[in-house]
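S.K.: Just one file: model-v6.cif, with mmCIF, C-alpha atoms.
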data_entry
loop_
_atom_site.label_atom_id
_atom_site.label_comp_id
_atom_site.auth_asym_id
_atom_site.auth_seq_id
_atom_site.Cartn_x
_atom_site.Cartn_y
_atom_site.Cartn_z
CA MET A 1247 38.95 9.04 43.78
CA LYS A 1248 42.04 9.14 45.94
CA PRO A 1249 42.13 6.29 48.52
CA ARG A 1250 41.78 7.49 52.11
CA THR A 1251 44.13 5.62 54.40
CA LEU A 1252 43.57 5.60 58.14
CA PRO A 1253 46.02 6.11 61.01
CA PRO A 1254 46.85 2.72 62.56
CA GLU A 1255 45.17 3.67 65.84
CA GLN A 1256 41.90 4.49 64.09
CA LEU A 1257 42.06 1.35 61.95
CA SER A 1258 42.56 -0.76 65.08
CA ARG A 1259 39.59 0.87 66.80
CA GLU A 1260 37.29 0.55 63.79
CA LEU A 1261 38.08 -3.09 63.06
CA ARG A 1262 37.87 -4.23 66.69
CA LEU A 1263 34.99 -2.11 67.96
CA GLY A 1264 33.14 -0.89 64.88
CA ARG A 1265 29.61 -1.98 64.04
CA SER A 1266 28.09 -2.08 60.57
CA GLY A 1267 26.54 -4.62 58.25
CA ASP A 1268 29.53 -4.58 55.92
CA LEU A 1269 32.02 -5.02 58.75
CA ALA A 1270 29.98 -7.88 60.23
CA ARG A 1271 30.04 -9.64 56.88
CA ARG A 1272 33.80 -9.04 56.56
CA ARG A 1273 34.31 -10.65 59.96
CA TRP A 1274 32.36 -13.68 58.79
CA ILE A 1275 34.52 -13.89 55.65
CA VAL A 1276 37.69 -13.80 57.77
CA GLY A 1277 36.29 -16.58 59.95
CA LEU A 1278 35.29 -18.67 56.93
CA SER A 1279 38.73 -18.10 55.39
CA PHE A 1280 40.38 -19.34 58.57
CA ALA A 1281 38.09 -22.39 58.50
CA GLY A 1282 39.14 -23.10 54.90
CA ALA A 1283 42.78 -22.62 55.83
CA THR A 1284 42.36 -24.98 58.81
CA ALA A 1285 40.98 -27.65 56.47
CA GLY A 1286 44.00 -27.10 54.27
CA MET A 1287 46.35 -27.41 57.24
CA ILE A 1288 44.86 -30.74 58.29
CA VAL A 1289 45.05 -32.14 54.77
CA GLY A 1290 48.56 -30.74 54.36
CA LEU A 1291 49.76 -32.54 57.48
CA TYR A 1292 48.54 -35.79 55.96
CA GLN A 1293 49.98 -35.04 52.52
CA MET A 1294 53.41 -34.38 54.05
CA GLY A 1295 53.36 -37.60 56.09
CA ILE A 1296 52.95 -35.97 59.50
CA LEU A 1297 49.52 -37.57 59.92
CA ARG A 1298 49.11 -41.20 58.85
CA ARG A 1299 45.41 -41.01 57.98
CA LEU A 1300 42.58 -38.54 57.62
CA PRO A 1301 39.31 -39.30 59.40
CA SER A 1302 36.34 -38.99 57.05
CA LEU A 1303 32.59 -38.88 57.50
CA PRO A 1304 31.24 -42.43 57.78
CA VAL A 1305 28.45 -41.74 55.30
CA GLY A 1306 28.34 -40.58 51.70
CA PRO A 1307 31.06 -40.61 49.04
CA PHE A 1308 33.82 -39.35 51.35
CA ASP A 1309 37.29 -40.89 51.54
CA ALA A 1310 39.74 -38.11 52.34
CA SER A 1311 42.74 -40.38 52.84
CA ARG A 1312 42.40 -41.92 49.37
CA VAL A 1313 41.59 -38.67 47.56
CA ASP A 1314 44.35 -36.64 49.20
CA ALA A 1315 46.97 -39.32 48.55
CA SER A 1316 46.02 -39.69 44.89
CA ALA A 1317 47.84 -38.32 41.85
CA TYR A 1318 45.07 -35.72 41.58
CA ALA A 1319 46.23 -34.08 44.82
CA TYR A 1320 49.88 -33.77 43.74
CA LYS A 1321 49.67 -32.89 40.05
CA ARG A 1322 49.90 -29.09 40.31
CA MET A 1323 53.11 -27.10 40.82
CA GLN A 1324 54.99 -30.08 42.28
CA THR A 1325 53.37 -29.54 45.67
CA PRO A 1326 50.47 -31.02 47.64
CA ASP A 1327 47.28 -29.15 46.76
CA ALA A 1328 46.55 -28.37 50.42
CA MET A 1329 49.47 -25.92 50.44
CA MET A 1330 47.73 -23.88 47.77
CA MET A 1331 44.57 -23.86 49.87
CA LEU A 1332 46.51 -22.10 52.64
CA VAL A 1333 47.70 -19.40 50.24
CA THR A 1334 44.35 -18.71 48.64
CA TYR A 1335 42.40 -18.50 51.90
CA GLY A 1336 45.13 -16.30 53.36
CA ILE A 1337 44.74 -13.85 50.47
CA THR A 1338 40.97 -13.78 50.98
CA ALA A 1339 41.43 -13.02 54.68
CA VAL A 1340 43.80 -10.16 53.88
CA LEU A 1341 41.32 -8.63 51.42
CA ALA A 1342 38.51 -8.95 53.98
CA GLY A 1343 40.59 -7.45 56.77
CA ALA A 1344 42.10 -4.50 54.89
CA GLY A 1345 40.63 -1.03 55.28
CA GLY A 1346 38.39 0.69 57.79
CA ILE A 1347 34.67 0.51 58.41
CA HIS A 1348 33.88 2.87 55.51
CA ARG A 1349 36.23 1.30 52.97
CA ALA A 1350 33.47 0.94 50.34
CA ARG A 1351 33.50 4.72 50.18
CA ASP A 1352 37.17 5.44 50.91
CA MET A 1353 38.91 2.50 49.17
CA PRO A 1354 36.30 0.98 46.84
CA TRP A 1355 38.80 -1.25 45.04
CA LEU A 1356 39.13 -3.38 48.18
CA PRO A 1357 35.49 -4.58 48.30
CA LEU A 1358 35.55 -5.10 44.54
CA ALA A 1359 38.76 -7.13 44.76
CA LEU A 1360 37.31 -9.22 47.60
CA ALA A 1361 34.13 -9.97 45.65
CA ALA A 1362 36.13 -10.92 42.54
CA LYS A 1363 38.42 -13.16 44.59
CA THR A 1364 35.60 -14.99 46.37
CA ILE A 1365 33.63 -15.49 43.15
CA TYR A 1366 36.74 -16.88 41.46
CA ASP A 1367 37.41 -19.16 44.43
CA SER A 1368 33.83 -20.44 44.36
CA ALA A 1369 34.01 -21.28 40.66
CA ASN A 1370 37.44 -22.85 41.08
CA THR A 1371 36.51 -25.04 44.04
CA LEU A 1372 33.41 -26.32 42.23
CA LYS A 1373 35.56 -27.16 39.20
CA LEU A 1374 38.11 -28.94 41.39
CA GLY A 1375 35.32 -30.86 43.11
CA ARG A 1376 34.17 -32.18 39.76
CA GLU A 1377 37.73 -33.20 38.90
CA GLU A 1378 38.15 -34.82 42.32
CA TRP A 1379 35.08 -36.97 41.77
CA ALA A 1380 35.89 -37.80 38.13
CA GLU A 1381 39.39 -39.03 38.98
CA ASN A 1382 38.72 -40.77 42.31
CA ARG A 1383 35.00 -41.57 42.49
CA ALA A 1384 35.22 -40.19 46.01
CA LEU A 1385 35.36 -36.79 47.69
CA CYS A 1386 37.54 -35.20 50.35
CA ASP A 1387 35.18 -33.92 53.04
CA TYR A 1388 37.72 -31.31 54.19
CA CYS A 1389 37.92 -29.89 50.67
CA GLN A 1390 34.14 -29.82 50.31
CA ALA A 1391 33.85 -27.97 53.61
CA ALA A 1392 36.28 -25.42 52.21
CA THR A 1393 34.12 -25.16 49.08
CA LEU A 1394 31.13 -24.26 51.23
CA ALA A 1395 33.25 -21.61 52.97
CA SER A 1396 34.15 -20.12 49.57
CA LEU A 1397 30.53 -20.05 48.39
CA ALA A 1398 29.35 -18.40 51.61
CA SER A 1399 32.16 -15.84 51.40
CA ALA A 1400 31.16 -14.86 47.86
CA VAL A 1401 27.57 -14.24 48.94
CA LEU A 1402 28.73 -12.20 51.94
CA ALA A 1403 31.12 -10.07 49.84
CA LEU A 1404 28.55 -8.90 47.29
CA PRO A 1405 26.63 -6.20 49.25
CA GLU A 1406 29.76 -4.21 50.08
CA ALA A 1407 31.05 -4.58 46.52
CA ALA A 1408 27.73 -3.27 45.17
CA ARG A 1409 28.01 -0.23 47.46
CA ALA A 1410 31.58 0.40 46.32
CA LEU A 1411 30.57 0.18 42.67
CA GLU A 1412 27.66 2.55 43.22
CA GLY A 1413 30.01 5.02 44.90
CA LEU A 1414 32.32 4.94 41.90
CA ARG A 1415 29.44 5.50 39.51
CA ALA A 1416 27.80 8.32 41.47
CA PRO A 1417 30.25 11.16 40.56
CA ARG A 1418 30.05 10.26 36.87
CA ALA A 1419 26.27 10.15 36.97
CA ALA A 1420 26.13 13.53 38.73
CA LYS A 1421 28.45 15.08 36.13
CA ALA A 1422 26.33 13.63 33.33
CA ARG A 1423 23.16 15.17 34.83
CA VAL A 1424 24.83 18.59 35.11
CA THR A 1425 26.04 18.42 31.52
CA ALA A 1426 22.57 17.40 30.31
CA ARG A 1427 20.95 20.34 32.13
CA VAL A 1428 23.47 22.81 30.69
CA ARG A 1429 23.01 21.49 27.16
CA ALA A 1430 19.24 21.83 27.53
CA ARG A 1431 19.58 25.62 27.86
CA PRO A 1432 19.50 27.49 24.53
CA GLY A 1433 22.98 28.61 23.48
CA ALA A 1434 24.66 27.12 26.55
CA ARG A 1435 27.98 25.31 26.47
CA PRO A 1436 28.82 22.24 28.51
CA PRO A 1437 31.04 22.93 31.54
CA ALA A 1438 34.73 22.93 30.75
CA GLU A 1439 37.00 20.25 32.15
CA PRO A 1440 39.07 21.56 35.08
CA ALA A 1441 42.64 22.40 34.10
CA LEU A 1442 45.28 20.05 35.46
CA ALA A 1443 47.89 21.59 37.70
CA PRO A 1444 51.38 21.58 36.13
#
Please express what this file holds, its structure, as structure tokens.
M.R.:
Amino acid sequence: MKPRTLPPEQLSRELRLGRSGDLARRRWIVGLSFAGATAGMIVGLYQMGILRRLPSLPVGPFDASRVDASAYAYKRMQTPDAMMMLVTYGITAVLAGAGGIHRARDMPWLPLALAAKTIYDSANTLKLGREEWAENRALCDYCQAATLASLASAVLALPEAARALEGLRAPRAAKARVTARVRARPGARPPAEPALAP
């Protein structure tokens, strides 16, 4: 299926004014991604020395200042881990924002990519949360809020992805039914594949 791109004017109108269940869920994913990125920004300001401390919840195992100053928070790619949070939530927002209101039909790879990304993010944030606790015996409440945003985004992305996958399967299923009916006729041949244009 050839992707159907929209004129910018139509894309603007659909994303701003359109109404559908899938679009509503995409808007939520964008909002959750911005919330995750905001958490990353706050932590990043602390990890770069712009903020001197990070307020944490007064209850539970939370100590953001200690966790986000630990070796755990600086051991990947020679950069504070909050910077990577900004990148990953930015990518999720782009995938949620791309395409028009009917993108599950017109550009099905976008909903599938968004679902894959949010599922990966959910698994990764849970893994990092376990590492965070194992190495510090404390949790960063900003990071755990971002984990909740990732989990919610994955749930919200699944219905549109399922519709996109069904749309990709439908033409193949229809062709298979036609072929089965033709083969059921005595002496009939299956339909020939269309010739490709030179």
S.K.: Taking 4 positions as the minimum chain separation for residues in the same chain, which residues sit within 9 Å of Tyr1318 of chain A when counting all atoms listed in the file? Answer as a list in words.
M.R.: Val1313, Asp1314, Arg1322, Asp1327, Glu1377, Glu1378, Glu1381 and Asn1382 of chain A
S.K.: So what does the PyMOL selection byres ((chain A and resi 1308) around 6) actually pick up in this one, as a count of residues only?
M.R.: 7
S.K.: If you take all atoms listed in the file and a cut-off of 7 Å, which residues of segment 1274-1386 of chain A touch segment 1403-1410 of chain A, and what are their nearest atom pairs and distances in Å to one decimal, in chain and number order, as JSON lines?
M.R.:
{"residue": "A:Ala1350", "atom": "CA", "partner": "A:Ala1410", "partner_atom": "CA", "distance": 4.5}
{"residue": "A:Arg1351", "atom": "CA", "partner": "A:Ala1410", "partner_atom": "CA", "distance": 6.1}
{"residue": "A:Pro1354", "atom": "CA", "partner": "A:Ala1410", "partner_atom": "CA", "distance": 4.8}
{"residue": "A:Pro1357", "atom": "CA", "partner": "A:Ala1407", "partner_atom": "CA", "distance": 4.8}
{"residue": "A:Leu1358", "atom": "CA", "partner": "A:Ala1407", "partner_atom": "CA", "distance": 4.9}
{"residue": "A:Leu1360", "atom": "CA", "partner": "A:Ala1403", "partner_atom": "CA", "distance": 6.6}
{"residue": "A:Ala1361", "atom": "CA", "partner": "A:Ala1403", "partner_atom": "CA", "distance": 5.2}
S.K.: Nearest to Gln1256 of chain A among A:Ala1398, A:Ala1281, A:Ile1347, A:Leu1303, with distances taken over all atoms listed in the file: which residue is it?
M.R.: A:Ile1347
S.K.: I'd like to know which of A:Leu1261, A:Leu1291, A:Leu1297, A:Cys1389 is closest to Asn1370 of chain A, using all atoms listed in the file.
M.R.: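 Of the candidates, the smallest distance to Asn1370 of chain A is held by A:Cys1389.
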S.K.: Taking into account all atoms listed in the file, which residue in the set A:Thr1334, A:Leu1341, A:Ile1296, A:Leu1263 is nearest to Ala1283 of chain A?
M.R.: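 That would be A:Thr1334, the residue with the smallest distance to Ala1283 of chain A.
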S.K.: What is the atom CA of Leu1402 of chain A to atom CA of Gln1390 of chain A distance in Å?
M.R.: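 Computing the Euclidean distance for atom CA of Leu1402 of chain A and atom CA of Gln1390 of chain A yields 18.5 Å.
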S.K.: Report, in Å to a single decimal, how far apart atom CA of Gly1343 of chain A and atom CA of Thr1364 of chain A are.
M.R.: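 Separation between atom CA of Thr1364 of chain A and atom CA of Gly1343 of chain A: 13.8 Å.
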S.K.: Taking (36.5, -18.9, 56.8) as a centre in this file's frame and 10 Å as the limit, can you find every polymer residue with an atom that close, using only C-alpha atoms, and give them as a ChimeraX atom specification?
M.R.: /A:1273-1285,1335-1336,1338-1339,1391-1392,1394-1396,1398-1399
S.K.: For the residues in the current selection, export C-alpha atoms as a PDB file, in the coordinates of the input.
M.R.:
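Listing of again.pdb after writing:
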ATOM      1  CA  ARG A1273      34.310 -10.650  59.960  1.00  0.00           C
ATOM      2  CA  TRP A1274      32.360 -13.680  58.790  1.00  0.00           C
ATOM      3  CA  ILE A1275      34.520 -13.890  55.650  1.00  0.00           C
ATOM      4  CA  VAL A1276      37.690 -13.800  57.770  1.00  0.00           C
ATOM      5  CA  GLY A1277      36.290 -16.580  59.950  1.00  0.00           C
ATOM      6  CA  LEU A1278      35.290 -18.670  56.930  1.00  0.00           C
ATOM      7  CA  SER A1279      38.730 -18.100  55.390  1.00  0.00           C
ATOM      8  CA  PHE A1280      40.380 -19.340  58.570  1.00  0.00           C
ATOM      9  CA  ALA A1281      38.090 -22.390  58.500  1.00  0.00           C
ATOM     10  CA  GLY A1282      39.140 -23.100  54.900  1.00  0.00           C
ATOM     11  CA  ALA A1283      42.780 -22.620  55.830  1.00  0.00           C
ATOM     12  CA  THR A1284      42.360 -24.980  58.810  1.00  0.00           C
ATOM     13  CA  ALA A1285      40.980 -27.650  56.470  1.00  0.00           C
ATOM     14  CA  TYR A1335      42.400 -18.500  51.900  1.00  0.00           C
ATOM     15  CA  GLY A1336      45.130 -16.300  53.360  1.00  0.00           C
ATOM     16  CA  THR A1338      40.970 -13.780  50.980  1.00  0.00           C
ATOM     17  CA  ALA A1339      41.430 -13.020  54.680  1.00  0.00           C
ATOM     18  CA  ALA A1391      33.850 -27.970  53.610  1.00  0.00           C
ATOM     19  CA  ALA A1392      36.280 -25.420  52.210  1.00  0.00           C
ATOM     20  CA  LEU A1394      31.130 -24.260  51.230  1.00  0.00           C
ATOM     21  CA  ALA A1395      33.250 -21.610  52.970  1.00  0.00           C
ATOM     22  CA  SER A1396      34.150 -20.120  49.570  1.00  0.00           C
ATOM     23  CA  ALA A1398      29.350 -18.400  51.610  1.00  0.00           C
ATOM     24  CA  SER A1399      32.160 -15.840  51.400  1.00  0.00           C
TER      25      SER A1399
END
S.K.: Considering all atoms listed in the file, can you say which of A:Glu1412, A:Trp1379, A:Gly1346, A:Met1353 comes closest to Arg1272 of chain A?
M.R.: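 Under the stated criterion, the closest residue is A:Gly1346.
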S.K.: What does the distance between atom CA of Gly1295 of chain A and atom CA of Lys1373 of chain A come to in Å, to one decimal place?
M.R.: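 According to the coordinates, atom CA of Gly1295 of chain A and atom CA of Lys1373 of chain A are separated by 26.7 Å.
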S.K.: Name the residues in contact with Tyr1292 of chain A at a cut-off of 10 Å, using all atoms listed in the file, excluding same-chain residues fewer than 2 positions from it; report them as a list in words.
M.R.: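 Answer for this query is Gly1286, Met1287, Ile1288, Val1289, Gly1290, Met1294, Gly1295, Ile1296, Leu1297, Arg1298, Arg1299, Leu1300, Ala1310, Ser1311, Asp1314, Ala1315, Pro1326 and Ala1328 of chain A.
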S.K.: Would you save the residues from that selection as a PDB file, in the coordinates of the input, using C-alpha atoms?
M.R.:
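Generated output (selection22.pdb):
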ATOM      1  CA  GLY A1286      44.000 -27.100  54.270  1.00  0.00           C
ATOM      2  CA  MET A1287      46.350 -27.410  57.240  1.00  0.00           C
ATOM      3  CA  ILE A1288      44.860 -30.740  58.290  1.00  0.00           C
ATOM      4  CA  VAL A1289      45.050 -32.140  54.770  1.00  0.00           C
ATOM      5  CA  GLY A1290      48.560 -30.740  54.360  1.00  0.00           C
ATOM      6  CA  MET A1294      53.410 -34.380  54.050  1.00  0.00           C
ATOM      7  CA  GLY A1295      53.360 -37.600  56.090  1.00  0.00           C
ATOM      8  CA  ILE A1296      52.950 -35.970  59.500  1.00  0.00           C
ATOM      9  CA  LEU A1297      49.520 -37.570  59.920  1.00  0.00           C
ATOM     10  CA  ARG A1298      49.110 -41.200  58.850  1.00  0.00           C
ATOM     11  CA  ARG A1299      45.410 -41.010  57.980  1.00  0.00           C
ATOM     12  CA  LEU A1300      42.580 -38.540  57.620  1.00  0.00           C
ATOM     13  CA  ALA A1310      39.740 -38.110  52.340  1.00  0.00           C
ATOM     14  CA  SER A1311      42.740 -40.380  52.840  1.00  0.00           C
ATOM     15  CA  ASP A1314      44.350 -36.640  49.200  1.00  0.00           C
ATOM     16  CA  ALA A1315      46.970 -39.320  48.550  1.00  0.00           C
ATOM     17  CA  PRO A1326      50.470 -31.020  47.640  1.00  0.00           C
ATOM     18  CA  ALA A1328      46.550 -28.370  50.420  1.00  0.00           C
TER      19      ALA A1328
END
S.K.: Using only C-alpha atoms, which of the listed residues (A:His1348, A:Arg1415, A:Arg1383, A:Ser1316) sits closest to Ser1266 of chain A?
M.R.: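 The answer is A:His1348, which sits nearest to Ser1266 of chain A.
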S.K.: Using all atoms listed in the file, determine which residues lie at most 10 Å from Leu1252 of chain A, disregarding the query and same-chain residues fewer than 3 positions distant; provide the list as a PyMOL selection string.
M.R.: chain A and resi 1249+1255-1258+1260+1345-1346+1349+1352
S.K.: As a compact mmCIF listing (two decimals), keeping the file's coordinate frame, could you write out segment 1376-1396 of chain A once it has been completed with N, CA and C atoms?
M.R.:
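Writing the result to out_37.txt gives the following:
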# COMPACT_ATOMS: atom_id res chain seq x y z
N ARG A 1376 34.54 -31.30 40.86
CA ARG A 1376 34.17 -32.18 39.76
C ARG A 1376 35.35 -33.05 39.32
N GLU A 1377 36.54 -32.43 39.26
CA GLU A 1377 37.73 -33.20 38.90
C GLU A 1377 38.02 -34.28 39.95
N GLU A 1378 37.89 -33.90 41.21
CA GLU A 1378 38.15 -34.82 42.32
C GLU A 1378 37.27 -36.07 42.19
N TRP A 1379 36.00 -35.85 41.90
CA TRP A 1379 35.08 -36.97 41.77
C TRP A 1379 35.38 -37.79 40.51
N ALA A 1380 35.65 -37.11 39.39
CA ALA A 1380 35.89 -37.80 38.13
C ALA A 1380 37.12 -38.71 38.22
N GLU A 1381 38.15 -38.27 38.94
CA GLU A 1381 39.39 -39.03 38.98
C GLU A 1381 39.44 -40.07 40.10
N ASN A 1382 38.62 -39.88 41.15
CA ASN A 1382 38.72 -40.77 42.31
C ASN A 1382 37.42 -41.50 42.67
N ARG A 1383 36.30 -41.04 42.10
CA ARG A 1383 35.00 -41.57 42.49
C ARG A 1383 34.81 -41.51 44.01
N ALA A 1384 35.37 -40.46 44.57
CA ALA A 1384 35.22 -40.19 46.01
C ALA A 1384 35.52 -38.72 46.22
N LEU A 1385 35.15 -38.19 47.38
CA LEU A 1385 35.36 -36.79 47.69
C LEU A 1385 36.13 -36.65 49.00
N CYS A 1386 36.89 -35.57 49.09
CA CYS A 1386 37.54 -35.20 50.35
C CYS A 1386 36.59 -34.28 51.11
N ASP A 1387 36.13 -34.72 52.29
CA ASP A 1387 35.18 -33.92 53.04
C ASP A 1387 35.77 -32.60 53.52
N TYR A 1388 37.07 -32.56 53.79
CA TYR A 1388 37.72 -31.31 54.19
C TYR A 1388 37.68 -30.29 53.05
N CYS A 1389 37.94 -30.77 51.85
CA CYS A 1389 37.92 -29.89 50.67
C CYS A 1389 36.52 -29.38 50.38
N GLN A 1390 35.52 -30.25 50.56
CA GLN A 1390 34.14 -29.82 50.31
C GLN A 1390 33.66 -28.83 51.37
N ALA A 1391 34.15 -28.98 52.58
CA ALA A 1391 33.85 -27.97 53.61
C ALA A 1391 34.45 -26.63 53.22
N ALA A 1392 35.66 -26.66 52.67
CA ALA A 1392 36.28 -25.42 52.21
C ALA A 1392 35.51 -24.82 51.05
N THR A 1393 34.95 -25.66 50.18
CA THR A 1393 34.12 -25.16 49.08
C THR A 1393 32.91 -24.41 49.62
N LEU A 1394 32.27 -24.95 50.62
CA LEU A 1394 31.13 -24.26 51.23
C LEU A 1394 31.55 -22.92 51.83
N ALA A 1395 32.74 -22.87 52.43
CA ALA A 1395 33.25 -21.61 52.97
C ALA A 1395 33.44 -20.59 51.86
N SER A 1396 33.94 -21.03 50.70
CA SER A 1396 34.15 -20.12 49.57
C SER A 1396 32.82 -19.59 49.04
